[in-house]
Each structure stands twice: as C-alpha cells, then as structure tokens.
file query.tsv (TSV, N, CA, C and O atoms)
chain	number	residue	atom	x	y	z
A	144	MET	N	75.82	-80.98	-84.75
A	144	MET	CA	74.41	-81.21	-84.50
A	144	MET	C	73.68	-79.89	-84.62
A	144	MET	O	74.08	-78.89	-84.05
A	145	SER	N	72.59	-79.89	-85.36
A	145	SER	CA	71.85	-78.65	-85.56
A	145	SER	C	71.00	-78.33	-84.33
A	145	SER	O	70.69	-79.20	-83.52
A	146	GLN	N	70.62	-77.06	-84.23
A	146	GLN	CA	69.82	-76.62	-83.10
A	146	GLN	C	68.47	-77.33	-83.04
A	146	GLN	O	67.98	-77.65	-81.96
A	147	THR	N	67.87	-77.63	-84.20
A	147	THR	CA	66.57	-78.29	-84.20
A	147	THR	C	66.66	-79.72	-83.68
A	147	THR	O	65.67	-80.26	-83.19
A	148	GLN	N	67.82	-80.33	-83.75
A	148	GLN	CA	67.96	-81.70	-83.25
A	148	GLN	C	67.93	-81.75	-81.73
A	148	GLN	O	67.70	-82.81	-81.15
A	149	THR	N	68.16	-80.63	-81.06
A	149	THR	CA	68.16	-80.61	-79.60
A	149	THR	C	66.96	-79.86	-79.03
A	149	THR	O	66.81	-79.80	-77.81
A	150	LYS	N	66.11	-79.28	-79.88
A	150	LYS	CA	64.91	-78.59	-79.40
A	150	LYS	C	63.87	-79.62	-78.97
A	150	LYS	O	63.69	-80.64	-79.63
A	151	LEU	N	63.18	-79.32	-77.90
A	151	LEU	CA	62.18	-80.23	-77.36
A	151	LEU	C	60.94	-80.27	-78.25
A	151	LEU	O	60.36	-79.24	-78.57
A	152	LEU	N	60.56	-81.47	-78.65
A	152	LEU	CA	59.35	-81.69	-79.45
A	152	LEU	C	58.20	-82.03	-78.52
A	152	LEU	O	58.37	-82.80	-77.57
A	153	ILE	N	57.04	-81.46	-78.79
A	153	ILE	CA	55.85	-81.82	-78.02
A	153	ILE	C	54.69	-82.08	-78.97
A	153	ILE	O	54.59	-81.49	-80.04
A	154	ARG	N	53.86	-83.01	-78.56
A	154	ARG	CA	52.66	-83.31	-79.34
A	154	ARG	C	51.68	-82.15	-79.20
A	154	ARG	O	51.54	-81.57	-78.12
A	155	ASN	N	50.97	-81.85	-80.28
A	155	ASN	CA	49.94	-80.83	-80.23
A	155	ASN	C	48.86	-81.29	-79.27
A	155	ASN	O	48.42	-82.44	-79.32
A	156	GLU	N	48.42	-80.40	-78.39
A	156	GLU	CA	47.44	-80.77	-77.37
A	156	GLU	C	46.08	-81.12	-77.96
A	156	GLU	O	45.24	-81.74	-77.28
A	157	HIS	N	45.83	-80.79	-79.20
A	157	HIS	CA	44.56	-81.07	-79.84
A	157	HIS	C	44.56	-82.41	-80.58
A	157	HIS	O	43.61	-82.71	-81.29
A	158	VAL	N	45.63	-83.19	-80.43
A	158	VAL	CA	45.75	-84.45	-81.16
A	158	VAL	C	45.50	-85.63	-80.22
A	158	VAL	O	46.13	-85.76	-79.18
A	159	GLU	N	44.55	-86.46	-80.61
A	159	GLU	CA	44.26	-87.72	-79.91
A	159	GLU	C	44.87	-88.84	-80.74
A	159	GLU	O	44.87	-88.78	-81.98
A	160	SER	N	45.39	-89.87	-80.09
A	160	SER	CA	46.00	-90.98	-80.82
A	160	SER	C	45.50	-92.31	-80.28
A	160	SER	O	45.18	-92.44	-79.10
A	161	GLU	N	45.43	-93.29	-81.17
A	161	GLU	CA	44.95	-94.61	-80.81
A	161	GLU	C	45.67	-95.64	-81.68
A	161	GLU	O	45.79	-95.48	-82.89
A	162	MET	N	46.15	-96.71	-81.04
A	162	MET	CA	46.79	-97.80	-81.78
A	162	MET	C	45.72	-98.84	-82.10
A	162	MET	O	44.98	-99.28	-81.23
A	163	ILE	N	45.64	-99.20	-83.39
A	163	ILE	CA	44.70	-100.21	-83.85
A	163	ILE	C	45.51	-101.22	-84.65
A	163	ILE	O	45.98	-100.91	-85.74
A	164	GLY	N	45.68	-102.41	-84.09
A	164	GLY	CA	46.54	-103.40	-84.71
A	164	GLY	C	47.97	-102.90	-84.71
A	164	GLY	O	48.51	-102.55	-83.67
A	165	ASN	N	48.60	-102.84	-85.88
A	165	ASN	CA	49.98	-102.34	-86.01
A	165	ASN	C	50.03	-100.90	-86.51
A	165	ASN	O	51.10	-100.41	-86.83
A	166	GLU	N	48.88	-100.26	-86.60
A	166	GLU	CA	48.83	-98.89	-87.10
A	166	GLU	C	48.33	-97.94	-86.02
A	166	GLU	O	47.66	-98.35	-85.08
A	167	TRP	N	48.69	-96.69	-86.17
A	167	TRP	CA	48.24	-95.65	-85.27
A	167	TRP	C	47.36	-94.67	-86.05
A	167	TRP	O	47.65	-94.36	-87.20
A	168	ILE	N	46.33	-94.21	-85.40
A	168	ILE	CA	45.47	-93.18	-85.96
A	168	ILE	C	45.63	-91.93	-85.09
A	168	ILE	O	45.46	-92.00	-83.87
A	169	LEU	N	45.98	-90.82	-85.72
A	169	LEU	CA	46.09	-89.54	-85.03
A	169	LEU	C	44.93	-88.68	-85.50
A	169	LEU	O	44.71	-88.53	-86.71
A	170	LEU	N	44.20	-88.12	-84.57
A	170	LEU	CA	43.07	-87.27	-84.91
A	170	LEU	C	43.31	-85.89	-84.35
A	170	LEU	O	43.37	-85.70	-83.14
A	171	ASN	N	43.47	-84.93	-85.26
A	171	ASN	CA	43.62	-83.54	-84.86
A	171	ASN	C	42.22	-83.01	-84.63
A	171	ASN	O	41.49	-82.73	-85.57
A	172	MET	N	41.85	-82.90	-83.36
A	172	MET	CA	40.48	-82.50	-83.00
A	172	MET	C	40.17	-81.07	-83.42
A	172	MET	O	39.03	-80.75	-83.72
A	173	LYS	N	41.16	-80.22	-83.47
A	173	LYS	CA	40.95	-78.82	-83.84
A	173	LYS	C	40.70	-78.68	-85.34
A	173	LYS	O	39.85	-77.93	-85.77
A	174	GLU	N	41.47	-79.42	-86.13
A	174	GLU	CA	41.39	-79.33	-87.59
A	174	GLU	C	40.45	-80.38	-88.19
A	174	GLU	O	40.18	-80.33	-89.39
A	175	HIS	N	40.02	-81.35	-87.39
A	175	HIS	CA	39.17	-82.45	-87.85
A	175	HIS	C	39.84	-83.23	-88.98
A	175	HIS	O	39.22	-83.51	-90.01
A	176	VAL	N	41.12	-83.56	-88.75
A	176	VAL	CA	41.90	-84.29	-89.73
A	176	VAL	C	42.47	-85.55	-89.08
A	176	VAL	O	43.01	-85.48	-87.97
A	177	ALA	N	42.32	-86.67	-89.75
A	177	ALA	CA	42.86	-87.94	-89.26
A	177	ALA	C	44.12	-88.28	-90.06
A	177	ALA	O	44.17	-88.06	-91.28
A	178	THR	N	45.11	-88.83	-89.38
A	178	THR	CA	46.35	-89.26	-90.00
A	178	THR	C	46.63	-90.68	-89.56
A	178	THR	O	46.56	-90.99	-88.37
A	179	LYS	N	46.93	-91.56	-90.52
A	179	LYS	CA	47.23	-92.95	-90.22
A	179	LYS	C	48.75	-93.14	-90.30
A	179	LYS	O	49.37	-92.70	-91.27
A	180	LEU	N	49.31	-93.77	-89.28
A	180	LEU	CA	50.75	-94.03	-89.24
A	180	LEU	C	51.01	-95.53	-89.31
A	180	LEU	O	50.27	-96.32	-88.70
A	181	ASN	N	52.09	-95.91	-89.99
A	181	ASN	CA	52.47	-97.31	-90.00
A	181	ASN	C	53.14	-97.66	-88.67
A	181	ASN	O	53.23	-96.82	-87.76
A	182	GLU	N	53.63	-98.86	-88.54
A	182	GLU	CA	54.21	-99.33	-87.28
A	182	GLU	C	55.38	-98.45	-86.82
A	182	GLU	O	55.44	-98.05	-85.66
A	183	LEU	N	56.31	-98.13	-87.72
A	183	LEU	CA	57.45	-97.30	-87.34
A	183	LEU	C	57.00	-95.89	-86.97
A	183	LEU	O	57.43	-95.34	-85.95
A	184	GLY	N	56.13	-95.31	-87.76
A	184	GLY	CA	55.63	-93.97	-87.46
A	184	GLY	C	54.92	-93.93	-86.11
A	184	GLY	O	55.09	-93.00	-85.32
A	185	GLY	N	54.13	-94.97	-85.84
A	185	GLY	CA	53.45	-95.06	-84.56
A	185	GLY	C	54.41	-95.21	-83.40
A	185	GLY	O	54.22	-94.62	-82.33
A	186	TYR	N	55.47	-95.99	-83.63
A	186	TYR	CA	56.48	-96.15	-82.58
A	186	TYR	C	57.16	-94.82	-82.29
A	186	TYR	O	57.34	-94.44	-81.13
A	187	ILE	N	57.51	-94.10	-83.34
A	187	ILE	CA	58.13	-92.78	-83.16
A	187	ILE	C	57.18	-91.87	-82.40
A	187	ILE	O	57.58	-91.20	-81.44
A	188	TRP	N	55.91	-91.85	-82.80
A	188	TRP	CA	54.91	-91.03	-82.11
A	188	TRP	C	54.86	-91.38	-80.62
A	188	TRP	O	54.78	-90.51	-79.76
A	189	SER	N	54.91	-92.67	-80.33
A	189	SER	CA	54.77	-93.12	-78.94
A	189	SER	C	55.97	-92.75	-78.06
A	189	SER	O	55.81	-92.61	-76.85
A	190	ILE	N	57.15	-92.59	-78.65
A	190	ILE	CA	58.33	-92.29	-77.83
A	190	ILE	C	58.65	-90.80	-77.74
A	190	ILE	O	59.55	-90.41	-77.00
A	191	ILE	N	57.93	-89.98	-78.45
A	191	ILE	CA	58.19	-88.53	-78.41
A	191	ILE	C	58.13	-87.97	-76.99
A	191	ILE	O	59.04	-87.24	-76.59
A	192	PRO	N	57.12	-88.31	-76.17
A	192	PRO	CA	57.10	-87.74	-74.82
A	192	PRO	C	58.33	-88.15	-73.98
A	192	PRO	O	58.81	-87.36	-73.17
A	193	GLU	N	58.82	-89.35	-74.18
A	193	GLU	CA	59.95	-89.83	-73.38
A	193	GLU	C	61.29	-89.32	-73.89
A	193	GLU	O	62.16	-88.96	-73.10
A	194	TYR	N	61.48	-89.30	-75.20
A	194	TYR	CA	62.79	-88.93	-75.76
A	194	TYR	C	62.87	-87.47	-76.16
A	194	TYR	O	63.96	-86.92	-76.21
A	195	GLY	N	61.76	-86.86	-76.50
A	195	GLY	CA	61.61	-85.42	-76.57
A	195	GLY	C	62.31	-84.61	-77.64
A	195	GLY	O	61.80	-83.58	-78.00
A	196	HIS	N	63.43	-85.03	-78.13
A	196	HIS	CA	64.11	-84.24	-79.17
A	196	HIS	C	64.58	-85.17	-80.28
A	196	HIS	O	64.72	-86.38	-80.09
A	197	LEU	N	64.79	-84.59	-81.43
A	197	LEU	CA	65.12	-85.36	-82.63
A	197	LEU	C	66.31	-86.28	-82.41
A	197	LEU	O	66.27	-87.46	-82.77
A	198	GLU	N	67.35	-85.77	-81.80
A	198	GLU	CA	68.56	-86.57	-81.58
A	198	GLU	C	68.26	-87.82	-80.74
A	198	GLU	O	68.71	-88.91	-81.06
A	199	GLY	N	67.49	-87.65	-79.67
A	199	GLY	CA	67.15	-88.79	-78.82
A	199	GLY	C	66.29	-89.81	-79.54
A	199	GLY	O	66.46	-91.02	-79.35
A	200	ILE	N	65.37	-89.33	-80.36
A	200	ILE	CA	64.50	-90.23	-81.12
A	200	ILE	C	65.31	-91.02	-82.14
A	200	ILE	O	65.15	-92.23	-82.29
A	201	ILE	N	66.22	-90.34	-82.82
A	201	ILE	CA	67.08	-91.02	-83.80
A	201	ILE	C	67.90	-92.11	-83.13
A	201	ILE	O	67.98	-93.24	-83.62
A	202	GLU	N	68.51	-91.79	-82.00
A	202	GLU	CA	69.32	-92.78	-81.27
A	202	GLU	C	68.47	-93.97	-80.84
A	202	GLU	O	68.91	-95.12	-80.94
A	203	LYS	N	67.27	-93.73	-80.34
A	203	LYS	CA	66.39	-94.82	-79.90
A	203	LYS	C	65.97	-95.69	-81.08
A	203	LYS	O	65.94	-96.92	-80.96
A	204	ILE	N	65.65	-95.10	-82.21
A	204	ILE	CA	65.26	-95.89	-83.39
A	204	ILE	C	66.44	-96.73	-83.88
A	204	ILE	O	66.27	-97.90	-84.21
A	205	ALA	N	67.62	-96.15	-83.90
A	205	ALA	CA	68.81	-96.91	-84.32
A	205	ALA	C	69.02	-98.12	-83.41
A	205	ALA	O	69.30	-99.23	-83.88
A	206	GLU	N	68.85	-97.91	-82.12
A	206	GLU	CA	69.02	-98.99	-81.15
A	206	GLU	C	67.91	-100.03	-81.27
A	206	GLU	O	68.17	-101.23	-81.34
A	207	GLU	N	66.67	-99.59	-81.30
A	207	GLU	CA	65.52	-100.48	-81.31
A	207	GLU	C	65.46	-101.34	-82.57
A	207	GLU	O	65.10	-102.51	-82.52
A	208	TYR	N	65.80	-100.76	-83.72
A	208	TYR	CA	65.71	-101.47	-85.00
A	208	TYR	C	67.06	-102.00	-85.47
A	208	TYR	O	67.16	-102.52	-86.58
A	209	ASP	N	68.08	-101.85	-84.62
A	209	ASP	CA	69.43	-102.35	-84.91
A	209	ASP	C	69.93	-101.88	-86.28
A	209	ASP	O	70.33	-102.68	-87.13
A	210	ILE	N	69.86	-100.56	-86.48
A	210	ILE	CA	70.35	-99.95	-87.71
A	210	ILE	C	71.36	-98.87	-87.34
A	210	ILE	O	71.41	-98.43	-86.18
A	211	ASP	N	72.16	-98.45	-88.31
A	211	ASP	CA	73.14	-97.41	-88.01
A	211	ASP	C	72.43	-96.06	-87.86
A	211	ASP	O	71.32	-95.86	-88.33
A	212	ARG	N	73.09	-95.15	-87.20
A	212	ARG	CA	72.52	-93.85	-86.87
A	212	ARG	C	72.13	-93.07	-88.13
A	212	ARG	O	71.10	-92.44	-88.18
A	213	HIS	N	72.95	-93.14	-89.17
A	213	HIS	CA	72.68	-92.41	-90.40
A	213	HIS	C	71.36	-92.89	-91.04
A	213	HIS	O	70.55	-92.07	-91.47
A	214	THR	N	71.17	-94.18	-91.10
A	214	THR	CA	69.93	-94.74	-91.66
A	214	THR	C	68.73	-94.31	-90.83
A	214	THR	O	67.70	-93.91	-91.37
A	215	ALA	N	68.88	-94.37	-89.51
A	215	ALA	CA	67.79	-93.94	-88.62
A	215	ALA	C	67.46	-92.47	-88.86
A	215	ALA	O	66.29	-92.10	-88.94
A	216	GLU	N	68.48	-91.64	-89.00
A	216	GLU	CA	68.25	-90.22	-89.23
A	216	GLU	C	67.51	-89.98	-90.55
A	216	GLU	O	66.62	-89.14	-90.62
A	217	GLN	N	67.88	-90.73	-91.59
A	217	GLN	CA	67.22	-90.59	-92.89
A	217	GLN	C	65.74	-90.97	-92.83
A	217	GLN	O	64.94	-90.45	-93.59
A	218	ASP	N	65.38	-91.86	-91.92
A	218	ASP	CA	63.98	-92.25	-91.76
A	218	ASP	C	63.24	-91.30	-90.82
A	218	ASP	O	62.10	-90.92	-91.09
A	219	VAL	N	63.86	-90.94	-89.72
A	219	VAL	CA	63.19	-90.18	-88.66
A	219	VAL	C	63.04	-88.71	-89.00
A	219	VAL	O	61.96	-88.13	-88.81
A	220	LYS	N	64.08	-88.08	-89.49
A	220	LYS	CA	64.06	-86.63	-89.70
A	220	LYS	C	62.94	-86.17	-90.63
A	220	LYS	O	62.18	-85.28	-90.27
A	221	PRO	N	62.77	-86.77	-91.82
A	221	PRO	CA	61.67	-86.32	-92.69
A	221	PRO	C	60.29	-86.59	-92.07
A	221	PRO	O	59.36	-85.81	-92.26
A	222	PHE	N	60.18	-87.68	-91.32
A	222	PHE	CA	58.91	-88.00	-90.68
A	222	PHE	C	58.57	-86.94	-89.63
A	222	PHE	O	57.45	-86.44	-89.59
A	223	ILE	N	59.54	-86.57	-88.79
A	223	ILE	CA	59.32	-85.53	-87.78
A	223	ILE	C	58.98	-84.21	-88.46
A	223	ILE	O	58.08	-83.49	-88.03
A	224	GLU	N	59.68	-83.88	-89.54
A	224	GLU	CA	59.40	-82.65	-90.27
A	224	GLU	C	57.97	-82.65	-90.82
A	224	GLU	O	57.30	-81.62	-90.82
A	225	GLU	N	57.51	-83.81	-91.27
A	225	GLU	CA	56.14	-83.93	-91.77
A	225	GLU	C	55.13	-83.71	-90.64
A	225	GLU	O	54.12	-83.03	-90.81
A	226	LEU	N	55.40	-84.29	-89.47
A	226	LEU	CA	54.51	-84.10	-88.32
A	226	LEU	C	54.48	-82.63	-87.90
A	226	LEU	O	53.44	-82.10	-87.55
A	227	LEU	N	55.65	-81.99	-87.93
A	227	LEU	CA	55.71	-80.56	-87.60
A	227	LEU	C	54.92	-79.74	-88.62
A	227	LEU	O	54.16	-78.85	-88.26
A	228	GLY	N	55.12	-80.06	-89.90
A	228	GLY	CA	54.45	-79.32	-90.96
A	228	GLY	C	52.94	-79.47	-90.95
A	228	GLY	O	52.21	-78.56	-91.34
A	229	SER	N	52.46	-80.62	-90.48
A	229	SER	CA	51.02	-80.84	-90.44
A	229	SER	C	50.39	-80.39	-89.12
A	229	SER	O	49.18	-80.55	-88.93
A	230	GLY	N	51.20	-79.85	-88.23
A	230	GLY	CA	50.68	-79.32	-86.98
A	230	GLY	C	50.44	-80.36	-85.90
A	230	GLY	O	49.84	-80.07	-84.87
A	231	LEU	N	50.89	-81.60	-86.12
A	231	LEU	CA	50.72	-82.64	-85.12
A	231	LEU	C	51.75	-82.50	-84.00
A	231	LEU	O	51.51	-82.93	-82.86
A	232	LEU	N	52.90	-81.95	-84.34
A	232	LEU	CA	53.97	-81.69	-83.37
A	232	LEU	C	54.33	-80.22	-83.43
A	232	LEU	O	54.11	-79.55	-84.43
A	233	THR	N	54.97	-79.77	-82.37
A	233	THR	CA	55.51	-78.41	-82.33
A	233	THR	C	56.77	-78.44	-81.46
A	233	THR	O	57.02	-79.43	-80.78
A	234	TYR	N	57.53	-77.36	-81.52
A	234	TYR	CA	58.67	-77.23	-80.62
A	234	TYR	C	58.21	-76.51	-79.36
A	234	TYR	O	57.41	-75.59	-79.42
A	235	ALA	N	58.71	-76.94	-78.22
A	235	ALA	CA	58.38	-76.30	-76.95
A	235	ALA	C	58.99	-74.91	-76.92
A	235	ALA	O	60.09	-74.70	-77.42
A	236	GLY	N	58.25	-74.01	-76.29
A	236	GLY	CA	58.71	-72.64	-76.05
A	236	GLY	C	59.41	-72.05	-77.17
A	236	GLY	O	60.02	-71.15	-77.36
call {"tool": "encode", "arguments": {"input": "query.tsv", "output": "structure tokens"}}
result
Amino acid sequence: MSQTQTKLLIRNEHVESEMIGNEWILLNMKEHVATKLNELGGYIWSIIPEYGHLEGIIEKIAEEYDIDRHTAEQDVKPFIEELLGSGLLTYAG
C-alpha cells in the first residue's frame, strides 16, 4: 500500500457542495469554479469526511457497489487525483 493511500484527505475549506437530483455541484468559492459530479463522484465526495483516506474510500465503494477492490481502485484513484489536482481536496498536514 502506498503512502498516499493512507494519508488523510480533506475537502478544501473554500468548496461548497450541493446535491441536486442525482448530481453534485461543487463550487470553489475562492477560484469561482463550479464542478459537476455524477452520482458515483458525488457519493465519493460525500464519504470523504467519514472515510478520510484513499484506502478507506476504495473499500467502501467496493462494498457499496458490490464490486471487487481492484475495480473500485481503478474508478476511485483517478477521481481522487483529479479532485486533488483541481484543488477541491488536499492532504491533511
């Protein structure tokens, strides 16, 4: 397991989120940028505070969607990396 899989993820404090139907809208108030997430992306966003690190999120997605861990990792990891790259998420400390 890589070190990044166990590092605590936190939502950027400047990001507001709202669920509308099956989609989530994330608004980065500092950058004035809106991001729309599909149902899975929104679900991942919603569980970040509770599960906190990549490994926990992958395990929860595998369980919730009844898929194997490898498939969950292939879906979750690039999505988390995209959120990190766009400044919506960061690593704690």
call {"tool": "select_by_dssp", "arguments": {"input": "query.tsv", "residues": "chain A", "states": "strand (DSSP E or B)", "output": "list in words"}}
result
Leu151, Leu152, Ile153, Arg154, Val158, Glu159, Ser160, Glu161, Met162, Ile163, Glu166, Trp167, Ile168, Leu169, Leu170, Asn171, Val176, Ala177, Thr178, Lys179, Leu180, His196, Leu232, Thr233 and Tyr234 of chain A
call {"tool": "atom_distance", "arguments": {"input": "query.tsv", "atom1": "CA of Trp188 (chain A)", "atom2": "CA of Glu206 (chain A)"}}
result
16.2 Å
call {"tool": "atom_distance", "arguments": {"input": "query.tsv", "atom1": "CA of Leu169 (chain A)", "atom2": "atom C of His157 (chain A)"}}
result
8.5 Å
call {"tool": "closest_residue", "arguments": {"input": "query.tsv", "among": "A:Leu227, A:Ile210, A:Ile204, A:Met172", "to": "Ile187 (chain A)", "atoms": "all atoms listed in the file"}}
result
A:Ile204
call {"tool": "residues_near_point", "arguments": {"input": "query.tsv", "point": "(55.1, -101.2, -88.8)", "cutoff": "10 Å", "atoms": "only C-alpha atoms", "output": "PDB file with N, CA, C and O atoms, in the coordinates of the input"}}
result
ATOM      1  N   GLY A 164      45.680-102.410 -84.090  1.00  0.00           N
ATOM      2  CA  GLY A 164      46.540-103.400 -84.710  1.00  0.00           C
ATOM      3  C   GLY A 164      47.970-102.900 -84.710  1.00  0.00           C
ATOM      4  O   GLY A 164      48.510-102.550 -83.670  1.00  0.00           O
ATOM      5  N   ASN A 165      48.600-102.840 -85.880  1.00  0.00           N
ATOM      6  CA  ASN A 165      49.980-102.340 -86.010  1.00  0.00           C
ATOM      7  C   ASN A 165      50.030-100.900 -86.510  1.00  0.00           C
ATOM      8  O   ASN A 165      51.100-100.410 -86.830  1.00  0.00           O
ATOM      9  N   GLU A 166      48.880-100.260 -86.600  1.00  0.00           N
ATOM     10  CA  GLU A 166      48.830 -98.890 -87.100  1.00  0.00           C
ATOM     11  C   GLU A 166      48.330 -97.940 -86.020  1.00  0.00           C
ATOM     12  O   GLU A 166      47.660 -98.350 -85.080  1.00  0.00           O
ATOM     13  N   TRP A 167      48.690 -96.690 -86.170  1.00  0.00           N
ATOM     14  CA  TRP A 167      48.240 -95.650 -85.270  1.00  0.00           C
ATOM     15  C   TRP A 167      47.360 -94.670 -86.050  1.00  0.00           C
ATOM     16  O   TRP A 167      47.650 -94.360 -87.200  1.00  0.00           O
ATOM     17  N   LEU A 180      49.310 -93.770 -89.280  1.00  0.00           N
ATOM     18  CA  LEU A 180      50.750 -94.030 -89.240  1.00  0.00           C
ATOM     19  C   LEU A 180      51.010 -95.530 -89.310  1.00  0.00           C
ATOM     20  O   LEU A 180      50.270 -96.320 -88.700  1.00  0.00           O
ATOM     21  N   ASN A 181      52.090 -95.910 -89.990  1.00  0.00           N
ATOM     22  CA  ASN A 181      52.470 -97.310 -90.000  1.00  0.00           C
ATOM     23  C   ASN A 181      53.140 -97.660 -88.670  1.00  0.00           C
ATOM     24  O   ASN A 181      53.230 -96.820 -87.760  1.00  0.00           O
ATOM     25  N   GLU A 182      53.630 -98.860 -88.540  1.00  0.00           N
ATOM     26  CA  GLU A 182      54.210 -99.330 -87.280  1.00  0.00           C
ATOM     27  C   GLU A 182      55.380 -98.450 -86.820  1.00  0.00           C
ATOM     28  O   GLU A 182      55.440 -98.050 -85.660  1.00  0.00           O
ATOM     29  N   LEU A 183      56.310 -98.130 -87.720  1.00  0.00           N
ATOM     30  CA  LEU A 183      57.450 -97.300 -87.340  1.00  0.00           C
ATOM     31  C   LEU A 183      57.000 -95.890 -86.970  1.00  0.00           C
ATOM     32  O   LEU A 183      57.430 -95.340 -85.950  1.00  0.00           O
ATOM     33  N   GLY A 184      56.130 -95.310 -87.760  1.00  0.00           N
ATOM     34  CA  GLY A 184      55.630 -93.970 -87.460  1.00  0.00           C
ATOM     35  C   GLY A 184      54.920 -93.930 -86.110  1.00  0.00           C
ATOM     36  O   GLY A 184      55.090 -93.000 -85.320  1.00  0.00           O
ATOM     37  N   GLY A 185      54.130 -94.970 -85.840  1.00  0.00           N
ATOM     38  CA  GLY A 185      53.450 -95.060 -84.560  1.00  0.00           C
ATOM     39  C   GLY A 185      54.410 -95.210 -83.400  1.00  0.00           C
ATOM     40  O   GLY A 185      54.220 -94.620 -82.330  1.00  0.00           O
ATOM     41  N   TYR A 186      55.470 -95.990 -83.630  1.00  0.00           N
ATOM     42  CA  TYR A 186      56.480 -96.150 -82.580  1.00  0.00           C
ATOM     43  C   TYR A 186      57.160 -94.820 -82.290  1.00  0.00           C
ATOM     44  O   TYR A 186      57.340 -94.440 -81.130  1.00  0.00           O
TER      45      TYR A 186
END
call {"tool": "closest_residue", "arguments": {"input": "query.tsv", "among": "A:Pro221, A:His196, A:Ile190, A:Met162", "to": "Lys150 (chain A)", "atoms": "only N, CA, C and O atoms"}}
result
A:His196
call {"tool": "select_by_dssp", "arguments": {"input": "query.tsv", "residues": "chain A", "states": "alpha helix (DSSP H)", "output": "ChimeraX atom specification"}}
result
/A:146-149,182-194,197-207,212-228
